[in-house]
Each structure stands twice: as C-alpha cells, then as structure tokens.
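*Asks:* File query-v5.txt follows (compact mmCIF, C-alpha atoms):
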```txt
# COMPACT_ATOMS: atom_id res chain seq x y z
CA MET N 5 -18.25 10.92 13.89
CA LYS N 6 -19.89 8.11 15.89
CA SER N 7 -20.11 4.64 14.41
CA ASN N 8 -23.89 4.86 14.00
CA GLN N 9 -23.35 7.87 11.76
CA VAL N 10 -21.34 5.92 9.17
CA GLN N 11 -23.46 5.97 6.04
CA LYS N 12 -24.00 2.91 3.92
CA VAL N 13 -24.05 3.85 0.25
CA SER N 14 -27.64 3.54 -0.92
CA ASP N 15 -27.71 5.96 -3.85
CA VAL N 16 -24.80 4.75 -5.99
CA PRO N 17 -25.26 7.23 -8.91
CA LYS N 18 -25.27 10.19 -6.50
CA PHE N 19 -22.23 8.83 -4.70
CA LEU N 20 -20.25 8.36 -7.92
CA ASP N 21 -21.23 11.81 -9.19
CA SER N 22 -19.63 13.34 -6.08
CA PHE N 23 -16.09 12.44 -7.16
CA ASP N 24 -13.69 12.84 -10.06
CA THR N 25 -10.88 10.67 -8.67
CA PHE N 26 -10.92 7.37 -6.85
CA LEU N 27 -7.87 6.16 -4.92
CA LEU N 28 -8.25 2.39 -4.79
CA ASP N 29 -6.57 -0.09 -2.51
CA CYS N 30 -5.99 -3.44 -4.26
CA ASP N 31 -5.76 -6.45 -1.91
CA GLY N 32 -9.11 -6.86 -0.19
CA VAL N 33 -10.88 -4.38 -2.48
CA LEU N 34 -10.30 -5.49 -6.09
CA TRP N 35 -9.03 -8.97 -5.35
CA ARG N 36 -8.22 -11.23 -2.44
CA GLY N 37 -5.01 -13.21 -2.84
CA SER N 38 -5.11 -14.59 -6.37
CA THR N 39 -8.91 -14.31 -6.71
CA LEU N 40 -10.53 -11.35 -8.45
CA LEU N 41 -13.58 -10.21 -6.50
CA PRO N 42 -16.96 -10.19 -8.30
CA HIS N 43 -17.67 -7.32 -10.73
CA THR N 44 -14.27 -5.68 -10.20
CA LYS N 45 -13.57 -5.41 -13.93
CA GLU N 46 -17.04 -4.11 -14.69
CA VAL N 47 -16.90 -1.38 -12.04
CA LEU N 48 -13.44 -0.23 -13.15
CA GLN N 49 -14.63 -0.10 -16.75
CA GLN N 50 -17.76 1.77 -15.67
CA LEU N 51 -15.74 4.37 -13.75
CA ARG N 52 -13.39 4.92 -16.68
CA SER N 53 -16.35 5.31 -19.06
CA MET N 54 -17.71 7.99 -16.70
CA GLY N 55 -14.43 9.89 -16.99
CA LYS N 56 -13.26 9.11 -13.46
CA ARG N 57 -9.56 9.10 -12.69
CA LEU N 58 -8.37 5.88 -11.09
CA LEU N 59 -5.21 5.58 -8.99
CA PHE N 60 -4.29 2.32 -7.33
CA VAL N 61 -2.67 2.89 -3.94
CA THR N 62 -1.18 -0.21 -2.34
CA ASN N 63 0.91 -0.84 0.75
CA ASN N 64 2.26 -4.06 -0.77
CA SER N 65 5.99 -3.40 -1.18
CA THR N 66 6.88 -6.81 -2.60
CA LYS N 67 5.94 -5.67 -6.11
CA SER N 68 7.08 -2.72 -8.20
CA ARG N 69 4.64 -0.66 -10.26
CA GLU N 70 5.63 -2.64 -13.36
CA ASP N 71 4.95 -5.84 -11.42
CA TYR N 72 1.51 -4.54 -10.56
CA LYS N 73 0.76 -3.91 -14.22
CA LYS N 74 1.36 -7.63 -14.76
CA VAL N 75 -0.90 -8.57 -11.84
CA PHE N 76 -3.70 -6.48 -13.29
CA ALA N 77 -3.06 -7.95 -16.74
CA LYS N 78 -3.48 -11.48 -15.37
CA PHE N 79 -6.96 -10.44 -14.29
CA GLY N 80 -7.62 -8.97 -17.73
CA ILE N 81 -7.41 -5.37 -16.49
CA GLU N 82 -5.23 -2.79 -18.24
CA VAL N 83 -3.55 -0.10 -16.14
CA SER N 84 -0.50 2.09 -16.65
CA ALA N 85 2.46 2.18 -14.26
CA ASP N 86 1.69 5.85 -13.62
CA GLU N 87 -1.70 4.85 -12.19
CA VAL N 88 -0.06 2.65 -9.54
CA ILE N 89 1.23 4.13 -6.29
CA SER N 90 2.99 1.48 -4.21
CA SER N 91 4.64 1.88 -0.82
CA SER N 92 7.89 0.76 -2.45
CA SER N 93 7.75 3.49 -5.09
CA ALA N 94 6.76 6.02 -2.41
CA VAL N 95 9.84 5.15 -0.32
CA ALA N 96 12.09 5.54 -3.36
CA HIS N 97 10.54 8.93 -4.19
CA TYR N 98 10.87 10.03 -0.57
CA LEU N 99 14.59 9.21 -0.53
CA LYS N 100 15.13 10.91 -3.88
CA ASP N 101 12.94 13.99 -3.58
CA GLU N 102 12.51 14.66 0.13
CA ALA N 103 15.69 13.36 1.73
CA HIS N 104 17.95 14.10 -1.28
CA PHE N 105 19.60 10.78 -0.48
CA THR N 106 23.00 10.07 -2.06
CA LYS N 107 24.27 7.12 -0.02
CA THR N 108 23.31 3.41 -0.07
CA ALA N 109 20.13 1.93 1.41
CA TYR N 110 20.09 -1.35 3.30
CA VAL N 111 16.88 -3.19 2.40
CA VAL N 112 14.95 -5.64 4.56
CA GLY N 113 12.38 -6.53 1.96
CA GLU N 114 11.83 -7.92 -1.50
CA ALA N 115 12.36 -7.06 -5.14
CA GLY N 116 9.51 -4.54 -5.29
CA ILE N 117 11.58 -2.16 -3.17
CA THR N 118 14.89 -2.71 -4.90
CA ARG N 119 13.39 -2.31 -8.38
CA GLU N 120 11.89 1.04 -7.44
CA LEU N 121 15.22 2.15 -5.93
CA ASP N 122 16.93 1.08 -9.15
CA ALA N 123 14.42 3.07 -11.19
CA LEU N 124 15.47 6.27 -9.40
CA GLY N 125 19.19 5.49 -9.39
CA ILE N 126 19.43 4.82 -5.65
CA SER N 127 22.06 2.25 -4.68
CA TRP N 128 21.18 -0.52 -2.25
CA ILE N 129 22.39 -3.73 -0.66
CA GLY N 130 20.58 -6.51 1.19
CA GLY N 131 17.09 -7.45 0.09
CA VAL N 132 16.94 -10.61 -1.99
CA ASP N 133 20.74 -10.78 -1.97
CA HIS N 134 20.71 -11.45 1.79
CA LYS N 135 18.08 -14.17 1.82
CA GLU N 136 20.71 -16.71 2.90
CA ASN N 137 21.26 -16.69 6.65
CA MET N 138 24.65 -16.51 8.41
CA THR N 139 26.05 -18.50 11.28
CA MET N 140 26.36 -16.85 14.67
CA GLN N 141 30.13 -16.89 14.28
CA GLU N 142 29.84 -15.04 10.97
CA LEU N 143 27.39 -12.55 12.48
CA GLU N 144 29.82 -11.77 15.30
CA HIS N 145 32.25 -10.41 12.73
CA ILE N 146 29.97 -8.24 10.57
CA GLU N 147 31.10 -4.64 10.37
CA LEU N 148 29.52 -1.26 9.77
CA ASP N 149 29.35 -0.37 6.09
CA PRO N 150 30.27 3.32 5.63
CA ARG N 151 28.15 3.48 2.46
CA ILE N 152 24.85 2.84 4.25
CA GLY N 153 22.78 5.91 5.04
CA ALA N 154 19.31 4.41 5.31
CA VAL N 155 17.58 1.22 6.39
CA VAL N 156 14.35 0.44 4.51
CA VAL N 157 12.03 -2.25 5.88
CA GLY N 158 9.08 -3.79 4.07
CA LEU N 159 7.30 -7.12 3.84
CA ASP N 160 9.94 -9.83 3.55
CA THR N 161 8.92 -13.48 3.14
CA ASN N 162 12.62 -14.36 3.36
CA ILE N 163 13.17 -12.52 6.65
CA ASN N 164 16.07 -13.95 8.64
CA TYR N 165 18.30 -13.18 11.60
CA ARG N 166 21.05 -11.85 9.35
CA LYS N 167 18.88 -9.09 7.91
CA VAL N 168 17.55 -7.97 11.27
CA ALA N 169 21.04 -8.01 12.82
CA TYR N 170 22.53 -6.03 9.93
CA ALA N 171 19.76 -3.43 10.09
CA GLN N 172 20.10 -3.14 13.87
CA LEU N 173 23.86 -2.70 13.64
CA HIS N 174 23.59 0.39 11.46
CA LEU N 175 20.61 1.92 13.21
CA ARG N 176 22.02 1.58 16.72
CA ASN N 177 25.55 2.70 15.91
CA ARG N 178 24.72 5.52 13.49
CA PRO N 179 21.91 7.78 14.73
CA GLU N 180 22.07 9.72 11.45
CA THR N 181 21.01 6.62 9.49
CA LEU N 182 17.49 7.07 8.12
CA PHE N 183 14.99 4.41 9.18
CA LEU N 184 12.06 4.06 6.77
CA ALA N 185 9.20 1.57 6.66
CA THR N 186 7.18 0.98 3.54
CA ASN N 187 4.13 0.39 5.74
CA ALA N 188 3.15 -0.93 9.14
CA ASP N 189 0.27 -3.30 8.27
CA SER N 190 0.27 -6.07 10.87
CA THR N 191 -1.46 -8.48 8.47
CA PHE N 192 -2.52 -8.77 4.87
CA PRO N 193 -5.43 -10.75 3.41
CA SER N 194 -4.73 -13.76 1.21
CA ALA N 195 -7.33 -15.90 -0.53
CA GLY N 196 -7.98 -18.00 2.56
CA HIS N 197 -6.07 -16.57 5.51
CA MET N 198 -4.74 -13.47 7.20
CA LEU N 199 -0.94 -13.59 6.93
CA PRO N 200 1.76 -11.55 8.76
CA GLY N 201 2.28 -8.14 7.21
CA SER N 202 5.16 -5.71 6.87
CA GLY N 203 4.49 -4.31 10.34
CA THR N 204 5.77 -7.58 11.77
CA MET N 205 9.21 -6.99 10.25
CA VAL N 206 9.19 -3.30 11.15
CA ALA N 207 8.38 -4.13 14.78
CA MET N 208 11.30 -6.56 15.00
CA VAL N 209 13.80 -4.01 13.75
CA GLU N 210 12.33 -1.28 15.97
CA ALA N 211 12.49 -3.55 19.03
CA CYS N 212 16.17 -4.44 18.68
CA SER N 213 17.42 -1.08 17.38
CA GLY N 214 15.59 1.16 19.83
CA ARG N 215 14.55 3.34 16.86
CA LYS N 216 11.12 4.19 15.43
CA ALA N 217 10.68 3.96 11.69
CA LEU N 218 9.19 6.74 9.59
CA VAL N 219 6.27 5.01 7.87
CA ILE N 220 5.89 6.19 4.27
CA GLY N 221 2.91 4.12 3.09
CA LYS N 222 -0.72 4.37 4.18
CA PRO N 223 -1.89 5.97 6.45
CA SER N 224 1.07 8.36 6.35
CA LYS N 225 0.27 11.99 5.58
CA THR N 226 3.63 12.01 3.78
CA LEU N 227 2.11 9.73 1.14
CA ILE N 228 -1.18 11.55 0.72
CA ASP N 229 0.67 14.85 0.32
CA LEU N 230 2.92 13.26 -2.29
CA VAL N 231 -0.06 11.86 -4.22
CA VAL N 232 -2.06 15.09 -4.11
CA HIS N 233 0.94 17.11 -5.30
CA GLN N 234 2.14 14.64 -7.94
CA TYR N 235 -1.30 14.12 -9.52
CA GLY N 236 -2.80 17.57 -8.89
CA LEU N 237 -5.85 16.19 -7.10
CA ASP N 238 -8.83 18.19 -5.90
CA LYS N 239 -9.32 16.84 -2.37
CA GLU N 240 -13.00 17.71 -2.32
CA ARG N 241 -13.58 15.57 -5.41
CA THR N 242 -11.40 12.62 -4.37
CA CYS N 243 -12.42 9.43 -2.54
CA MET N 244 -10.23 6.75 -0.98
CA VAL N 245 -11.64 3.22 -1.22
CA GLY N 246 -10.18 0.58 1.10
CA ASP N 247 -10.83 -2.44 3.27
CA ARG N 248 -8.72 -1.61 6.32
CA LEU N 249 -9.66 1.06 8.84
CA ASN N 250 -6.26 1.85 10.33
CA THR N 251 -4.48 2.19 6.98
CA ASP N 252 -6.79 2.87 4.00
CA ILE N 253 -9.48 4.84 5.81
CA GLN N 254 -7.10 6.65 8.16
CA PHE N 255 -5.02 7.54 5.10
CA GLY N 256 -7.98 9.33 3.56
CA LEU N 257 -8.93 11.00 6.82
CA ASN N 258 -5.36 12.18 7.37
CA GLY N 259 -5.41 13.75 3.93
CA GLY N 260 -8.80 15.43 4.29
CA ILE N 261 -10.51 13.41 1.56
CA SER N 262 -13.68 11.31 1.56
CA THR N 263 -13.46 7.62 2.39
CA LEU N 264 -15.36 4.47 1.43
CA LEU N 265 -14.86 1.22 3.31
CA VAL N 266 -15.60 -2.14 1.65
CA LEU N 267 -16.13 -5.26 3.73
CA THR N 268 -14.39 -7.83 1.51
CA GLY N 269 -10.97 -7.64 3.16
CA VAL N 270 -9.73 -7.02 6.68
CA THR N 271 -12.55 -5.07 8.36
CA THR N 272 -15.87 -6.67 9.20
CA GLU N 273 -19.14 -4.83 9.64
CA GLU N 274 -19.11 -5.81 13.32
CA GLU N 275 -15.70 -4.16 13.77
CA LEU N 276 -16.82 -1.08 11.84
CA MET N 277 -19.89 -0.58 14.02
CA SER N 278 -18.21 -1.44 17.31
CA PRO N 279 -18.30 1.37 19.91
CA ASP N 280 -14.60 0.64 20.44
CA ASN N 281 -13.75 1.50 16.83
CA PRO N 282 -11.93 4.88 16.73
CA THR N 283 -11.77 5.19 12.92
CA HIS N 284 -14.92 6.03 11.02
CA PRO N 285 -15.17 6.22 7.22
CA HIS N 286 -17.58 8.62 5.61
CA HIS N 287 -19.30 5.75 3.76
CA TYR N 288 -19.25 1.97 3.56
CA ILE N 289 -20.54 -0.65 1.17
CA PRO N 290 -20.42 -4.46 1.32
CA ALA N 291 -18.23 -4.81 -1.79
CA PHE N 292 -16.60 -2.73 -4.51
CA GLY N 293 -18.71 -4.65 -7.01
CA ASP N 294 -21.83 -3.10 -5.47
CA LEU N 295 -20.88 0.17 -7.20
CA LEU N 296 -21.92 -1.37 -10.51
CA LEU N 297 -24.88 0.54 -11.89
CA ALA N 298 -27.79 -1.42 -13.31
CA SER N 299 -27.43 0.38 -16.64
CA SER N 300 -23.74 -0.51 -16.82
CA SER N 301 -24.47 -4.13 -15.94
CA SER N 302 -27.09 -4.41 -18.70
CA HIS N 303 -24.80 -2.73 -21.22
CA LEU N 304 -21.91 -5.06 -20.41
CA LEU N 305 -24.16 -8.13 -20.55
CA LEU N 306 -25.54 -7.09 -23.94
CA ARG N 307 -22.07 -6.39 -25.33
CA ASN N 308 -20.74 -9.74 -24.11
CA THR N 309 -23.57 -11.67 -25.75
CA THR N 310 -23.41 -10.02 -29.16
```
Could you take the file, read its structure, and then write that structure out as structure tokens?

*Replies:*
Amino acid sequence: MKSNQVQKVSDVPKFLDSFDTFLLDCDGVLWRGSTLLPHTKEVLQQLRSMGKRLLFVTNNSTKSREDYKKVFAKFGIEVSADEVISSSSAVAHYLKDEAHFTKTAYVVGEAGITRELDALGISWIGGVDHKENMTMQELEHIELDPRIGAVVVGLDTNINYRKVAYAQLHLRNRPETLFLATNADSTFPSAGHMLPGSGTMVAMVEACSGRKALVIGKPSKTLIDLVVHQYGLDKERTCMVGDRLNTDIQFGLNGGISTLLVLTGVTTEEELMSPDNPTHPHHYIPAFGDLLLASSSSHLLLRNTT
C-alpha cells in the first residue's frame, strides 16, 4: 500500500460498525504522560455501549496489569486487569507457557516485570533490588549464578553499569540462557518530551553480550498470536489503534488485522505520508477522540447537565 492510499476515517459510524474488538495502545492514544487526551473517556464509554470489546495493549513494562487499573482509575476510567495486555505480562506468560521456564530470571527493568513474574510463580533476581551500583572492584568479582536461565530487559529508569554487566556475564558465558526483551521502542511520549524507551536498554545489553533479544511486545507476532488465542478474537473484526508506526501499526499488520493510526503520539502526519515511510496503516485519524459520534456527544452532554 502506498502512502497516498492510506485512508483518513471520514465515515466514523461505518468504521466502528466494521469491528467487534478494538486493541488500544495507551500512551499517545488515550493519554500522553499524565494528561488524558480530549474525549478519551467519552469514546471508551461509547464503544462499550455499542457492545465493542476493548483490550488495552501496551509496551510499557514498568507497570503491571494491576498498576494499569490504577492508572485508568486516576483518569476516572474503569477497566479490569483481564482487559490489559502489557509487555511485562506477555513476557511472564511466554516464560510460563511457551518456554516452560523453571529456573530464575535476571531482570533489567522495573516492578511491572517482577510483579507479573511473581503472579505466575516465576523466580527472579535483579530489577529494583539491583538499583544500587557497584564499584569496579566489586564488579570484577561477580560470578555466574547457576540459577539464572533467562535475562529479561525492559524499560529501566534506574539502569546502571551493574545491571548491564550482570546481564552480559550470563548471556555471553551461557549460550542456553534465554534473552527476552519486553519491547524495543526507542522512545516513549511523555507530556512534554520524547524520552528514551526500552529499546535503549535492550540495545546496550545486545551490544556488549553479542546476543539478539527475542522481543515479546509489539510488534512481535508472538504477542499477537498470544492475544488472538487467549481472547478468541476474530481477526477480520478486530482493529489495532496506535500512535507508533513501527510498533502499534506493524503489530496489527503482522497479525493480519486492521489498523488505525492516531496522530497524538509519536507519528506525525508528515512522517505517515512520507514516501520514505515503509509502514502503512489501513486508516488514520487525527485523534482517538475524533471517533466520538455526534449522537453520543449530545447524549453525554445531556446526561451530565441533568
């Protein structure tokens, strides 16, 4: 599909009628940083009232699914943990169900990963417990831990030399050690800036270990297959909504489902329409809030003023 064939959604009712399930990215689609984007609540409520199934698919590994429930609650939006699919929960499920993992994982990442590992009974070390750095003399005497059978890397705002060195040690010296990445996003959108993403940490560990990580989060086909199987989705009636071409949109394309790009996060309209852009969504729209139907808007306004 050429860029000039990407269709801007003009007939919203027809578009919504085409799908039963919406897979929704969060950061950059529903909110940006700590700011809820306009009409997010109204559109979610509208979709639920239409009987649509909503699943929230996020590459943010710093939070568990229970953490995400709390984030939604702060915005006044009620979701269940089962409706949230995070890269951290996907990694835990991969280790448990696909790899039949029985050893200990070393985590370069935050509590979102370790909480999901705990939830499935997978032992781990590292993570928040290794946020304190070590001296070079101490690092020279670290040893291989025979318990470790996997290294899991995600976004880590407490990244340090100790964590990278420890991960490298086990990956270089034990080829059988699994190397998993929650996601490879180079950046993530905050309220006012683009900040370094998980891919930054993954690249560091890949560079020094000489190993390539298996990426579990978007746009991995591993994840879309897991979601389709776990939730029994009809691909022809499912749409992925995201703000990033190389993760959200490619995720949908890899899984053979329809895609909708919004322009409130990472991707600009100029980038979307560039002849150099290799990733083309089926549809795009300026903002998720533009899916609000006039009838829904009037109904919500009337209800809020009575």

*Asks:* What is the atom CA of Tyr72 of chain N-atom CA of Ser84 of chain N distance in Å, reported with one decimal?

*Replies:*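 So the answer is 9.2 Å.
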
*Asks:* Just the number, please: distance in Å from atom CA of Val206 of chain N to atom CA of Ser93 of chain N, one decimal.

*Replies:* 17.7 Å

*Asks:* With all atoms listed in the file as the basis for distance, which of N:Val266, N:Ala188, N:Ile117, N:Val209 is at the shortest distance from Asn250 of chain N?

*Replies:*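 Closest candidate: N:Ala188.
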
*Asks:* Skipping near chain neighbours, those fewer than 5 positions away, what residues fall within 12 Å of Asp21 of chain N using only C-alpha atoms, listed as a list in words?

*Replies:* Asp15, Val16, Phe26, Leu51, Met54, Gly55, Lys56, Arg241, Thr242, Cys243 and Leu295 of chain N

*Asks:* Just checking: using all atoms listed in the file, which residue out of N:Gln254, N:Thr226, N:Thr106, N:Thr25 ends up closest to Leu182 of chain N?

*Replies:* N:Thr106

*Asks:* Lys135 of chain N: which residues within 9 Å, counting all atoms listed in the file, same-chain residues fewer than 6 positions away excluded, as a ChimeraX atom specification?

*Replies:* /N:162-164,166-167

*Asks:* Generate the output file for the selected residues, C-alpha atoms, as a tab-separated table (two decimals), keeping the file's coordinate frame.

*Replies:*
```
chain	number	residue	atom	x	y	z
N	162	ASN	CA	12.62	-14.36	3.36
N	163	ILE	CA	13.17	-12.52	6.65
N	164	ASN	CA	16.07	-13.95	8.64
N	166	ARG	CA	21.05	-11.85	9.35
N	167	LYS	CA	18.88	-9.09	7.91
```

*Asks:* Taking all atoms listed in the file into account, name the residue in N:Tyr288, N:Phe23, N:Phe183, N:Tyr110 that is nearest to Leu249 of chain N.

*Replies:* N:Tyr288

*Asks:* Any idea what the distance is between atom CA of Ala154 of chain N and atom CA of Arg178 of chain N?

*Replies:*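 These atoms are spaced 9.9 Å apart.
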
*Asks:* Between N:Val83, N:His286, N:Leu199, N:Phe292, which is the closest to Lys12 of chain N once you count only C-alpha atoms?

*Replies:*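 Distance minimum relative to Lys12 of chain N lands on N:His286.
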
*Asks:* Would you pick out the contacts of Gln50 of chain N at 10 Å or less, using all atoms listed in the file, so that residues sharing its chain but fewer than 2 positions from it are not included, and give the list as a list in words?

*Replies:*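 So the residues in contact are Thr44, Lys45, Glu46, Val47, Leu48, Arg52, Ser53, Met54, Gly55, Lys56, Leu295, Leu296, Leu297, Ser299, Ser300, Ser301 and Leu304 of chain N.
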
*Asks:* Need to verify the contact set: Thr191 of chain N, 9 Å, all atoms listed in the file, exclusion of same-chain residues closer than 3 positions in sequence. Can you return it as a VMD selection string?

*Replies:* chain N and resid 188 198 to 204 270

*Asks:* N:Ala103, N:Leu184, N:Leu27, N:Val75: which is nearest Lys216 of chain N, counting only C-alpha atoms?

*Replies:*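 Closest to Lys216 of chain N of all the choices is N:Leu184.
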
*Asks:* Taking into account all atoms listed in the file, which residue in the set N:Val95, N:Leu41, N:Val245, N:Val111 is nearest to His134 of chain N?

*Replies:*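 Of all the options, N:Val111 lies closest to His134 of chain N.
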
*Asks:* Around (-20.8, 9.7, 5.8) in the file's own coordinates, what residues are found within 9 Å if you use all atoms listed in the file, given back as a PyMOL selection string?

*Replies:* chain N and resi 5+9-13+262-264+284-288
